[in-house]
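Shown next: final_24.cif, given as mmCIF, C-alpha atoms and all ligand atoms.
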data_data
#
loop_
_atom_site.label_atom_id
_atom_site.label_comp_id
_atom_site.auth_asym_id
_atom_site.auth_seq_id
_atom_site.Cartn_x
_atom_site.Cartn_y
_atom_site.Cartn_z
CA MET A 1 21.64 -1.32 -91.28
CA ARG A 2 24.49 -3.03 -93.16
CA THR A 3 26.75 -1.90 -95.99
CA GLN A 4 30.11 -2.86 -97.44
CA VAL A 5 32.03 0.36 -96.66
CA VAL A 6 31.11 3.04 -94.12
CA ILE A 7 32.73 6.34 -95.10
CA ILE A 8 33.03 8.91 -92.32
CA GLY A 9 33.16 12.42 -93.82
CA GLY A 10 31.33 13.92 -96.79
CA GLY A 11 34.15 16.11 -98.06
CA PRO A 12 36.09 15.50 -101.28
CA SER A 13 37.85 12.36 -100.00
CA GLY A 14 34.72 10.61 -98.75
CA LEU A 15 32.56 11.57 -101.70
CA LEU A 16 35.17 10.58 -104.29
CA LEU A 17 35.70 7.19 -102.65
CA SER A 18 31.94 6.61 -102.44
CA GLN A 19 31.45 7.50 -106.10
CA LEU A 20 34.35 5.34 -107.28
CA LEU A 21 33.09 2.36 -105.24
CA HIS A 22 29.66 2.86 -106.80
CA THR A 23 31.15 2.52 -110.30
CA ARG A 24 32.23 -1.01 -109.28
CA GLY A 25 28.96 -1.94 -107.59
CA ILE A 26 30.39 -1.67 -104.08
CA GLU A 27 27.92 -0.19 -101.59
CA SER A 28 28.86 2.55 -99.15
CA VAL A 29 27.19 4.89 -96.68
CA VAL A 30 28.63 8.38 -96.15
CA LEU A 31 28.20 9.90 -92.67
CA GLU A 32 28.66 13.69 -92.64
CA LYS A 33 28.71 15.82 -89.50
CA ARG A 34 27.49 19.01 -91.18
CA SER A 35 24.71 19.88 -93.59
CA LYS A 36 25.37 19.67 -97.33
CA ALA A 37 25.01 23.48 -97.58
CA TYR A 38 27.67 23.94 -94.87
CA VAL A 39 30.09 21.62 -96.66
CA LEU A 40 29.54 23.45 -99.95
CA GLY A 41 30.04 26.81 -98.24
CA ARG A 42 33.70 26.11 -97.49
CA ILE A 43 36.24 28.10 -99.52
CA ARG A 44 39.22 25.90 -100.39
CA ALA A 45 42.02 25.76 -102.95
CA GLY A 46 41.42 24.72 -106.52
CA VAL A 47 44.47 23.48 -108.43
CA LEU A 48 43.94 19.90 -109.66
CA GLU A 49 46.79 17.60 -110.62
CA ARG A 50 46.47 15.46 -113.75
CA GLY A 51 46.01 12.35 -111.60
CA PHE A 52 43.04 13.87 -109.83
CA VAL A 53 41.42 14.87 -113.16
CA ASP A 54 41.89 11.27 -114.34
CA LEU A 55 40.29 9.98 -111.12
CA LEU A 56 37.29 12.29 -111.49
CA THR A 57 36.96 11.04 -115.09
CA GLN A 58 37.09 7.42 -113.85
CA ALA A 59 34.33 8.35 -111.37
CA GLY A 60 32.24 9.85 -114.18
CA VAL A 61 32.34 13.30 -112.59
CA ASP A 62 34.45 15.28 -115.06
CA GLN A 63 31.86 16.93 -117.34
CA ARG A 64 31.68 20.40 -115.73
CA LEU A 65 35.39 20.29 -114.89
CA ARG A 66 36.22 19.87 -118.57
CA SER A 67 33.91 22.68 -119.68
CA GLU A 68 34.59 25.18 -116.85
CA GLY A 69 38.04 24.23 -115.53
CA LEU A 70 40.96 26.42 -116.58
CA ARG A 71 44.02 24.60 -117.93
CA HIS A 72 47.27 26.17 -116.71
CA ASP A 73 50.51 25.28 -118.51
CA GLY A 74 52.75 27.16 -116.07
CA THR A 75 53.06 29.61 -113.22
CA LEU A 76 55.00 32.80 -112.49
CA LEU A 77 57.49 32.95 -109.61
CA SER A 78 58.73 36.29 -108.31
CA TYR A 79 61.37 37.07 -105.68
CA ASP A 80 61.99 40.72 -104.77
CA ASP A 81 60.42 41.72 -108.11
CA ASP A 82 62.63 39.37 -110.16
CA SER A 83 60.07 37.25 -112.04
CA PHE A 84 60.29 34.18 -114.25
CA ARG A 85 57.88 31.52 -115.46
CA ILE A 86 57.96 27.78 -114.80
CA ASP A 87 56.63 26.05 -117.92
CA PHE A 88 54.91 22.88 -116.66
CA LYS A 89 53.93 21.78 -120.15
CA ARG A 90 57.42 22.06 -121.62
CA HIS A 91 59.12 20.33 -118.68
CA THR A 92 56.59 17.54 -118.05
CA GLY A 93 54.14 17.41 -120.96
CA HIS A 94 51.38 18.03 -118.42
CA SER A 95 49.30 20.94 -117.12
CA VAL A 96 47.20 21.55 -114.02
CA THR A 97 43.51 22.42 -114.00
CA VAL A 98 42.19 25.34 -111.95
CA TYR A 99 38.71 24.35 -110.70
CA GLY A 100 37.53 25.15 -107.17
CA GLN A 101 37.35 22.36 -104.58
CA THR A 102 33.84 23.56 -103.82
CA GLU A 103 32.87 22.78 -107.43
CA VAL A 104 34.52 19.34 -107.21
CA THR A 105 32.51 18.66 -104.05
CA ARG A 106 29.31 19.96 -105.68
CA ASP A 107 29.84 17.68 -108.68
CA LEU A 108 30.49 14.69 -106.43
CA TYR A 109 27.32 15.34 -104.41
CA ALA A 110 25.32 15.60 -107.64
CA ALA A 111 26.74 12.28 -108.87
CA ARG A 112 26.05 10.48 -105.58
CA GLU A 113 22.50 11.79 -105.42
CA ALA A 114 21.87 10.90 -109.08
CA SER A 115 22.72 7.27 -108.26
CA ASP A 116 20.77 7.27 -104.98
CA GLY A 117 23.96 7.24 -102.93
CA LYS A 118 23.37 6.85 -99.19
CA LEU A 119 24.47 10.17 -97.67
CA ILE A 120 23.48 10.88 -94.07
CA PHE A 121 23.97 14.49 -92.95
CA GLU A 122 24.15 16.20 -89.57
CA VAL A 123 25.20 13.09 -87.71
CA ASP A 124 26.73 13.31 -84.27
CA ASN A 125 28.71 11.16 -81.86
CA VAL A 126 30.12 8.92 -84.59
CA LYS A 127 32.07 6.01 -83.13
CA ILE A 128 34.01 3.23 -84.86
CA HIS A 129 33.80 -0.17 -83.17
CA ASP A 130 35.86 -3.38 -83.63
CA ALA A 131 38.00 -1.88 -86.39
CA ASP A 132 40.68 -4.41 -85.44
CA ARG A 133 38.28 -7.32 -86.08
CA ASN A 134 36.66 -8.73 -89.23
CA SER A 135 33.23 -7.33 -88.41
CA PRO A 136 33.56 -3.63 -87.65
CA PHE A 137 30.55 -1.41 -87.08
CA VAL A 138 29.86 2.29 -86.68
CA THR A 139 27.35 3.95 -84.38
CA PHE A 140 26.10 7.52 -84.64
CA ASP A 141 23.31 9.79 -83.47
CA GLN A 142 20.91 11.68 -85.72
CA ASN A 143 17.98 13.71 -84.41
CA GLY A 144 18.50 12.12 -80.99
CA THR A 145 18.29 8.55 -82.27
CA GLU A 146 21.29 6.23 -82.17
CA SER A 147 21.91 4.04 -85.22
CA ARG A 148 24.34 1.24 -86.01
CA ILE A 149 25.81 0.26 -89.38
CA ASP A 150 27.60 -3.08 -89.70
CA CYS A 151 30.17 -3.19 -92.50
CA ASP A 152 33.26 -4.84 -93.96
CA PHE A 153 35.46 -1.72 -93.90
CA VAL A 154 35.50 1.84 -92.52
CA ALA A 155 37.10 4.75 -94.43
CA GLY A 156 38.06 7.64 -92.17
CA CYS A 157 37.65 10.64 -94.47
CA ASP A 158 36.65 13.03 -91.69
CA GLY A 159 39.46 15.55 -91.96
CA PHE A 160 42.00 16.80 -89.44
CA HIS A 161 39.43 17.36 -86.70
CA GLY A 162 37.56 14.07 -87.22
CA ILE A 163 37.38 11.04 -84.95
CA SER A 164 38.90 8.40 -87.22
CA ARG A 165 42.59 9.10 -86.64
CA ASN A 166 42.23 8.87 -82.87
CA THR A 167 40.38 5.57 -83.17
CA ILE A 168 43.80 4.10 -83.90
CA PRO A 169 45.37 3.45 -80.47
CA ALA A 170 47.92 6.06 -79.39
CA ASP A 171 50.59 3.39 -78.93
CA VAL A 172 50.12 2.34 -82.56
CA ARG A 173 50.16 5.85 -84.05
CA ARG A 174 53.26 7.91 -84.90
CA GLU A 175 52.59 11.60 -85.57
CA TYR A 176 54.86 14.14 -87.28
CA GLU A 177 54.11 17.87 -87.20
CA LYS A 178 55.63 21.20 -88.16
CA ILE A 179 53.85 24.49 -87.36
CA TYR A 180 54.89 27.48 -89.50
CA PRO A 181 55.24 30.89 -87.78
CA PHE A 182 52.72 32.60 -90.06
CA GLY A 183 49.34 32.19 -91.74
CA TRP A 184 47.69 33.18 -95.02
CA LEU A 185 45.12 35.95 -95.16
CA GLY A 186 42.95 35.13 -98.16
CA ILE A 187 40.21 37.02 -99.97
CA LEU A 188 37.79 36.14 -102.73
CA SER A 189 36.71 38.98 -105.05
CA GLU A 190 34.46 39.12 -108.10
CA THR A 191 37.21 40.72 -110.18
CA PRO A 192 39.21 39.49 -113.17
CA PRO A 193 42.45 37.71 -112.18
CA VAL A 194 45.60 39.82 -112.43
CA ASP A 195 47.14 37.31 -114.85
CA HIS A 196 46.09 34.25 -116.86
CA GLU A 197 48.21 32.01 -114.59
CA LEU A 198 49.03 31.97 -110.87
CA ILE A 199 51.72 34.23 -109.40
CA TYR A 200 53.74 33.07 -106.37
CA SER A 201 55.60 36.12 -105.06
CA SER A 202 58.13 36.53 -102.25
CA SER A 203 58.94 40.10 -101.21
CA LYS A 204 60.73 41.77 -98.31
CA ARG A 205 57.26 42.29 -96.83
CA GLY A 206 56.35 38.62 -97.13
CA PHE A 207 54.69 36.12 -99.44
CA ALA A 208 51.71 36.76 -101.72
CA LEU A 209 49.77 34.50 -104.11
CA CYS A 210 47.53 35.58 -106.98
CA SER A 211 45.08 32.83 -107.94
CA MET A 212 41.60 32.49 -109.39
CA ARG A 213 38.41 30.41 -109.63
CA ASN A 214 37.12 31.64 -113.00
CA PRO A 215 37.58 34.67 -115.34
CA MET A 216 35.51 36.81 -112.96
CA LEU A 217 36.42 35.36 -109.57
CA SER A 218 39.89 35.94 -108.11
CA ARG A 219 41.55 34.47 -105.04
CA TYR A 220 44.45 36.33 -103.39
CA TYR A 221 46.56 35.57 -100.32
CA ILE A 222 49.18 37.43 -98.30
CA GLN A 223 51.38 35.95 -95.58
CA CYS A 224 50.41 37.34 -92.17
CA PRO A 225 51.45 36.85 -88.52
CA LEU A 226 49.70 34.03 -86.63
CA THR A 227 48.39 36.68 -84.23
CA ASP A 228 46.66 38.57 -87.05
CA ASN A 229 42.89 38.70 -87.49
CA ALA A 230 40.95 39.07 -90.73
CA ALA A 231 38.77 41.72 -89.06
CA ASN A 232 41.89 43.89 -88.76
CA TRP A 233 42.04 44.20 -92.55
CA THR A 234 39.86 46.50 -94.60
CA ASP A 235 39.67 45.61 -98.28
CA ASP A 236 41.67 48.73 -99.14
CA ALA A 237 44.41 47.73 -96.69
CA PHE A 238 44.54 44.23 -98.19
CA TRP A 239 44.79 45.48 -101.78
CA ALA A 240 47.48 48.03 -100.84
CA GLU A 241 49.58 45.33 -99.15
CA LEU A 242 49.09 42.86 -101.99
CA LYS A 243 50.30 45.48 -104.48
CA ARG A 244 53.46 45.97 -102.42
CA ARG A 245 54.26 42.27 -102.62
CA ILE A 246 53.57 41.30 -106.25
CA PRO A 247 55.62 42.24 -109.35
CA THR A 248 55.36 45.97 -110.00
CA GLN A 249 53.88 45.67 -113.48
CA ARG A 250 51.08 43.40 -112.13
CA ALA A 251 50.42 45.74 -109.22
CA GLU A 252 49.76 48.49 -111.77
CA THR A 253 47.15 46.42 -113.63
CA LEU A 254 45.53 44.71 -110.61
CA VAL A 255 41.74 45.12 -110.62
CA THR A 256 40.52 45.50 -107.05
CA GLY A 257 37.00 45.21 -105.69
CA PRO A 258 34.97 44.29 -102.59
CA SER A 259 35.90 41.01 -100.90
CA ILE A 260 33.13 38.40 -100.77
CA GLU A 261 35.13 36.28 -98.36
CA LYS A 262 38.08 37.08 -96.10
CA SER A 263 39.77 34.64 -93.70
CA ILE A 264 43.08 33.57 -92.21
CA ALA A 265 44.39 29.99 -92.34
CA PRO A 266 47.39 28.83 -90.29
CA LEU A 267 50.05 26.74 -92.03
CA ARG A 268 51.10 23.33 -90.79
CA SER A 269 52.66 20.07 -91.99
CA PHE A 270 51.26 16.95 -90.36
CA VAL A 271 51.36 13.21 -91.01
CA THR A 272 50.05 10.29 -88.97
CA GLU A 273 51.33 6.76 -89.52
CA PRO A 274 50.06 4.15 -90.18
CA MET A 275 47.06 5.09 -92.33
CA ARG A 276 45.45 1.71 -91.66
CA TRP A 277 44.42 -0.13 -88.51
CA GLY A 278 42.63 -3.41 -89.12
CA ARG A 279 39.51 -2.63 -91.17
CA LEU A 280 39.89 1.17 -90.73
CA PHE A 281 41.65 3.20 -93.45
CA LEU A 282 42.44 6.93 -93.20
CA CYS A 283 42.24 9.16 -96.29
CA GLY A 284 43.02 12.83 -96.90
CA ASP A 285 43.14 15.43 -94.16
CA ALA A 286 42.27 12.77 -91.56
CA ALA A 287 45.82 11.48 -92.06
CA HIS A 288 47.86 14.43 -93.28
CA ILE A 289 47.96 18.20 -93.70
CA VAL A 290 50.23 20.27 -95.95
CA PRO A 291 50.82 24.04 -96.09
CA PRO A 292 48.77 25.30 -99.10
CA THR A 293 51.81 26.65 -100.98
CA GLY A 294 52.08 23.63 -103.27
CA ALA A 295 48.29 23.10 -103.60
CA LYS A 296 48.78 19.48 -102.47
CA GLY A 297 46.01 19.04 -99.87
CA LEU A 298 43.17 17.98 -102.16
CA ASN A 299 45.51 16.26 -104.61
CA THR A 300 47.11 14.05 -101.96
CA ALA A 301 43.65 13.14 -100.64
CA ALA A 302 42.90 12.01 -104.20
CA SER A 303 45.91 9.68 -104.39
CA ASP A 304 44.96 8.16 -101.01
CA VAL A 305 41.48 7.49 -102.40
CA HIS A 306 42.96 5.93 -105.53
CA TYR A 307 45.09 3.45 -103.55
CA LEU A 308 42.25 2.58 -101.16
CA PHE A 309 39.72 2.19 -103.99
CA GLU A 310 42.05 -0.18 -105.86
CA GLY A 311 42.69 -2.21 -102.70
CA LEU A 312 39.00 -2.50 -101.79
CA CYS A 313 38.13 -3.58 -105.34
CA GLN A 314 40.79 -6.32 -105.17
CA TRP A 315 39.27 -7.53 -101.89
CA PHE A 316 35.61 -7.43 -102.91
CA ASP A 317 36.27 -8.87 -106.37
CA ALA A 318 38.64 -11.68 -105.43
CA GLY A 319 39.25 -11.69 -101.68
CA ASP A 320 42.79 -10.52 -102.48
CA THR A 321 44.25 -8.56 -99.54
CA GLU A 322 47.40 -7.30 -101.33
CA GLY A 323 45.99 -3.85 -102.04
CA ILE A 324 44.60 -3.16 -98.58
CA ASP A 325 47.68 -4.67 -96.93
CA ARG A 326 49.94 -2.33 -98.90
CA TYR A 327 47.60 0.71 -98.68
CA SER A 328 49.35 2.54 -95.85
CA GLU A 329 52.83 1.99 -97.28
CA ARG A 330 51.84 3.09 -100.80
CA ALA A 331 49.78 6.10 -99.69
CA LEU A 332 52.44 7.31 -97.25
CA SER A 333 55.20 7.09 -99.85
CA ARG A 334 53.36 9.66 -101.98
CA VAL A 335 52.14 11.65 -98.96
CA TRP A 336 55.70 12.24 -97.77
CA LYS A 337 56.78 13.43 -101.24
CA ALA A 338 53.89 15.92 -101.18
CA GLU A 339 54.90 16.99 -97.65
CA ARG A 340 58.45 17.54 -98.81
CA PHE A 341 57.46 19.63 -101.84
CA SER A 342 55.00 21.72 -99.80
CA TRP A 343 57.58 22.30 -97.05
CA TRP A 344 60.32 23.17 -99.58
CA PHE A 345 58.12 25.60 -101.54
CA THR A 346 56.84 27.20 -98.31
CA SER A 347 60.41 27.58 -96.96
CA LEU A 348 61.56 29.09 -100.26
CA MET A 349 58.79 31.64 -100.77
CA HIS A 350 58.01 32.94 -97.27
CA ARG A 351 59.94 35.34 -94.99
CA PHE A 352 60.42 33.82 -91.53
CA PRO A 353 60.48 35.99 -88.38
CA ASP A 354 63.80 34.49 -87.23
CA GLN A 355 65.44 34.56 -90.65
CA GLY A 356 69.07 35.75 -90.68
CA ASP A 357 71.11 37.15 -93.58
CA PHE A 358 72.53 33.72 -94.40
CA ASP A 359 69.00 32.27 -94.61
CA LEU A 360 67.97 35.04 -97.00
CA ARG A 361 71.03 34.34 -99.13
CA MET A 362 70.05 30.66 -99.26
CA GLN A 363 66.55 31.61 -100.49
CA HIS A 364 68.04 33.91 -103.10
CA ALA A 365 70.51 31.27 -104.29
CA GLU A 366 67.67 28.72 -104.60
CA ILE A 367 65.60 31.20 -106.62
CA GLU A 368 68.56 31.94 -108.92
CA LEU A 369 69.11 28.20 -109.38
CA LEU A 370 65.43 27.84 -110.32
CA ARG A 371 65.62 30.78 -112.69
CA ASP A 372 68.76 29.52 -114.49
CA SER A 373 68.55 25.72 -114.30
CA GLU A 374 66.31 23.63 -116.56
CA THR A 375 66.84 20.69 -114.18
CA ALA A 376 65.68 22.66 -111.14
CA GLN A 377 62.65 23.95 -113.03
CA LYS A 378 61.78 20.45 -114.24
CA ALA A 379 61.91 19.14 -110.65
CA LEU A 380 59.52 21.86 -109.49
CA ALA A 381 57.22 21.27 -112.46
CA GLU A 382 57.10 17.49 -111.91
CA ASN A 383 56.04 17.97 -108.30
CA TYR A 384 53.54 20.70 -109.07
CA VAL A 385 51.66 18.87 -111.87
CA GLY A 386 51.66 15.75 -109.67
CA LEU A 387 53.98 12.80 -109.25
CA PRO A 388 52.62 9.53 -110.68
CA TYR A 389 50.30 7.47 -108.46
N1 LIG B 401 31.66 12.60 -88.27
C1 LIG B 401 31.25 12.82 -89.57
N2 LIG B 401 31.81 13.73 -90.39
C2 LIG B 401 32.83 14.44 -89.88
C3 LIG B 401 33.32 14.28 -88.57
C4 LIG B 401 32.69 13.30 -87.75
N3 LIG B 401 33.09 13.08 -86.50
N4 LIG B 401 34.35 15.16 -88.37
C5 LIG B 401 34.50 15.84 -89.53
N5 LIG B 401 33.59 15.42 -90.43
C6 LIG B 401 33.41 15.89 -91.83
C7 LIG B 401 33.64 17.38 -92.01
O1 LIG B 401 32.46 18.12 -91.74
C8 LIG B 401 34.05 17.46 -93.48
O2 LIG B 401 32.94 17.69 -94.32
O3 LIG B 401 34.40 15.28 -92.62
C9 LIG B 401 34.65 16.08 -93.77
C10 LIG B 401 36.15 16.15 -94.01
O4 LIG B 401 36.37 16.92 -95.20
P1 LIG B 401 37.75 17.75 -95.41
O5 LIG B 401 38.14 18.35 -94.12
O6 LIG B 401 37.54 18.62 -96.61
O7 LIG B 401 38.85 16.64 -95.73
P2 LIG B 401 39.03 15.77 -97.05
O8 LIG B 401 37.72 15.26 -97.58
O9 LIG B 401 40.11 14.81 -96.73
O10 LIG B 401 39.54 16.79 -98.16
C11 LIG B 401 40.83 17.31 -98.11
O11 LIG B 401 39.95 19.47 -97.94
O12 LIG B 401 40.54 20.69 -96.08
C12 LIG B 401 40.75 20.54 -97.41
O13 LIG B 401 42.97 21.29 -97.83
C13 LIG B 401 42.17 20.16 -97.67
O14 LIG B 401 41.92 20.32 -99.96
C14 LIG B 401 42.04 19.38 -98.90
C15 LIG B 401 40.76 18.65 -98.76
C1 LIG B 402 43.86 28.79 -104.43
O1 LIG B 402 43.47 29.11 -105.57
O2 LIG B 402 43.15 28.87 -103.41
C2 LIG B 402 45.29 28.27 -104.29
C3 LIG B 402 46.04 28.04 -105.43
C4 LIG B 402 47.35 27.58 -105.30
C5 LIG B 402 47.87 27.35 -104.04
C6 LIG B 402 47.10 27.57 -102.89
C7 LIG B 402 45.80 28.04 -103.02
O3 LIG B 402 49.16 26.91 -103.92
#
Take the structure in the file and write it out as structure tokens.
Ligand code: APR
Ligand code: PHB
Amino acid sequence: MRTQVVIIGGGPSGLLLSQLLHTRGIESVVLEKRSKAYVLGRIRAGVLERGFVDLLTQAGVDQRLRSEGLRHDGTLLSYDDDSFRIDFKRHTGHSVTVYGQTEVTRDLYAAREASDGKLIFEVDNVKIHDADRNSPFVTFDQNGTESRIDCDFVAGCDGFHGISRNTIPADVRREYEKIYPFGWLGILSETPPVDHELIYSSSKRGFALCSMRNPMLSRYYIQCPLTDNAANWTDDAFWAELKRRIPTQRAETLVTGPSIEKSIAPLRSFVTEPMRWGRLFLCGDAAHIVPPTGAKGLNTAASDVHYLFEGLCQWFDAGDTEGIDRYSERALSRVWKAERFSWWFTSLMHRFPDQGDFDLRMQHAEIELLRDSETAQKALAENYVGLPY
């Protein structure tokens, strides 16, 4: 088999790249380790930056997003019950769109299948060969049979636990990591959201986030120790703790109900450099991870895809290597800004086990600066709605 671009990973990054390439007549094959049902069963965040919405529009995959997505012009911040709103629209002229990653992935699968996209599921033992030469190829097993795909380029969109990143030799790679001393216990409930916008709340008991998927599907998180286990939490215990951490007046109106999903995610910051090695390009979680506080994971995967798509089009259309040669530098410049914002927002809104009184005073001073300063609020808003590509 031969194609122009082999894409390893059928998550949002891989599917978006495949769909964008298709709009320019560039062939790709997507190799996905899991089944389509498994991929669509993942519960992930759902706040889309303006740039991502534009990219989905460019890919022709924005119809349902525009009819079902919820436009949010701001968010509420609360620190020890002192609450104030950050008005994205007033500070930046832009909003964010709340639309679950699962729905984005579902829409991308539908688009790829509607145009007979080549998606191969439940593959195993994927290996990238000769990425540092002009004729790379990928081998993989499916149903006990080994296959080979020759190609011009390989896109490693296989997430943090994929094989692409480690295909780049260890002496070429530089890795940066920060592990946070807590996780997020999240639940999904078929209840109306507590507010029309998100609420990020820091309390003496820890962080909490009130989010949503649609008017009858809410997503809530509370900071928890890394040693915690979702099985330790009854729904009643979760709701009681959430109410202790969010603004009092919201706690009084919170509609609770049975959880339809409950899980704990650890928080980490991670970046690998470079994001290119020869004909192999890394996109999304394969190259970087952010703590979910700033909702930057999916959105930074999208900007990677944008830069790689533009570079591949330049090469296939005119043999121009400028875009692919600058891919890693351009993608990483935006990745590091997303890492910084996610780290800053996480450090501001969470209570750390080793925090001293001075540290708490620094958090409080930062919150007061945000509450009182238009400039500080504008800086937060610009990062949250998405820095330009
Ligand atoms: N071979 C083929 N597919 C693989 C392999 C492999 N060796 N390893 C992993 N995969 C698949 C996974 O099953 C998954 O479907 O690659 C896909 C990677 O998808 P994601 O992990 O969702 O990463 P990405 O597409 O970059 O999307 C980033 O997803 O994890 C969230 O917070 C993250 O919102 C961000 C978004
Ligand atoms: C979510 O809805 O899952 C969500 C929203 C905002 C975040 C993180 C997660 O910062």
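Of the listed residues (A:Ala231, A:Val123, A:Leu282, A:Ala237), A:Val123 comes nearest to Glu146 in chain A; the distances count all atoms listed in the file.
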Contacts of range 331-340 of chain A at 12 Å or less, counting all atoms listed in the file, minus same-chain residues fewer than 6 places along, as a VMD selection string?
chain A and resid 49 176 to 178 268 to 276 281 to 285 287 to 311 323 to 325 346 to 347 380 382 to 389
6 Å from ligand LIG 401 (chain B) is the threshold here; counting all atoms listed in the file, which polymer residues fall inside it? Answer as JSON, numbers by chain.
{"A": [8, 9, 10, 11, 12, 13, 14, 31, 32, 33, 34, 39, 126, 157, 158, 159, 161, 162, 163, 284, 285, 286, 297, 298, 301]}
Find the distance between CA of Asn143 in chain A and CA of Ala155 in chain A and write it in Å to one decimal.
23.4 Å
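Distance-wise, CA of Thr105 in chain A and CA of Asp141 in chain A end up 24.2 Å apart.
Among all protein and nucleic acid residues, the ones that lie within 9 Å of ligand LIG 402 (chain B) when counting all atoms listed in the file are A:Ile43, A:Arg44, A:Ala45, A:Gly46, A:Val47, A:Val98, A:Tyr99, A:Gly100, A:Gln101, A:Gly186, A:Leu198, A:Ile199, A:Tyr200, A:Leu209, A:Cys210, A:Ser211, A:Met212, A:Arg213, A:Ser218, A:Arg219, A:Tyr220, A:Tyr221, A:Pro291, A:Pro292, A:Thr293, A:Gly294, A:Ala295, A:Lys296, A:Ser342.
Of the listed residues A:Arg361, A:Lys36, A:Arg66, A:Arg106, the one whose atoms come nearest to Leu119 in chain A is A:Lys36, with distances taken using all atoms listed in the file.
The residue set within 9 Å of Lys118 in chain A, counting only C-alpha atoms and dropping same-chain residues fewer than 2 places from it, reads Glu27, Ser28, Val29, Val30, Leu31, Arg112, Glu113, Asp116 and Ile120 of chain A.
CA of Thr139 in chain A is found 26.5 Å from CA of Arg42 in chain A.
Residue neighbourhood of Asp235 in chain A, excluding near-sequence residues (fewer than 6 positions): Ile187, Ser189, Glu241, Thr256, Gly257, Pro258, Ser259 and Lys262 of chain A, at 10 Å, using all atoms listed in the file.
The smallest atom-to-atom distance between Val53 in chain A and any of A:Ser201, A:Thr102, A:Ser95, A:Thr167, using all atoms listed in the file, is found for A:Ser95.
Using only C-alpha atoms for every distance, the candidate list A:Ile264, A:Phe121, A:Gln314, A:Asp171 yields A:Ile264 as the residue closest to Trp233 in chain A.
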From (52.7, 37.0, -109.8), in the file's coordinates, out to 10 Å: which residues are reached, counting only C-alpha atoms? Answer as an MDAnalysis selection string.
chainID A and resid 75:79 81 83:85 194:195 197:202 208:211 245:251
List every protein, DNA or RNA residue that has an atom no more than 6 Å from (52.4, 37.4, -99.2) in the file's coordinate frame, counting all atoms listed in the file, and report them as a PyMOL selection string.
chain A and resi 206-208+222-223
Assuming 8 Å of padding per side, give the centre and edge lengths of the axis-aligned box around every listed atom of range 173-188 of chain A, in Å to one decimal and as JSON.
{"center_x": 46.7, "center_y": 21.4, "center_z": -93.4, "size_x": 33.8, "size_y": 47.2, "size_z": 34.7}
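Among the candidate residues A:Cys224, A:Thr92, A:Met362, A:Tyr327, the one lying nearest to Gly278 in chain A is A:Tyr327, with distances computed using only C-alpha atoms.
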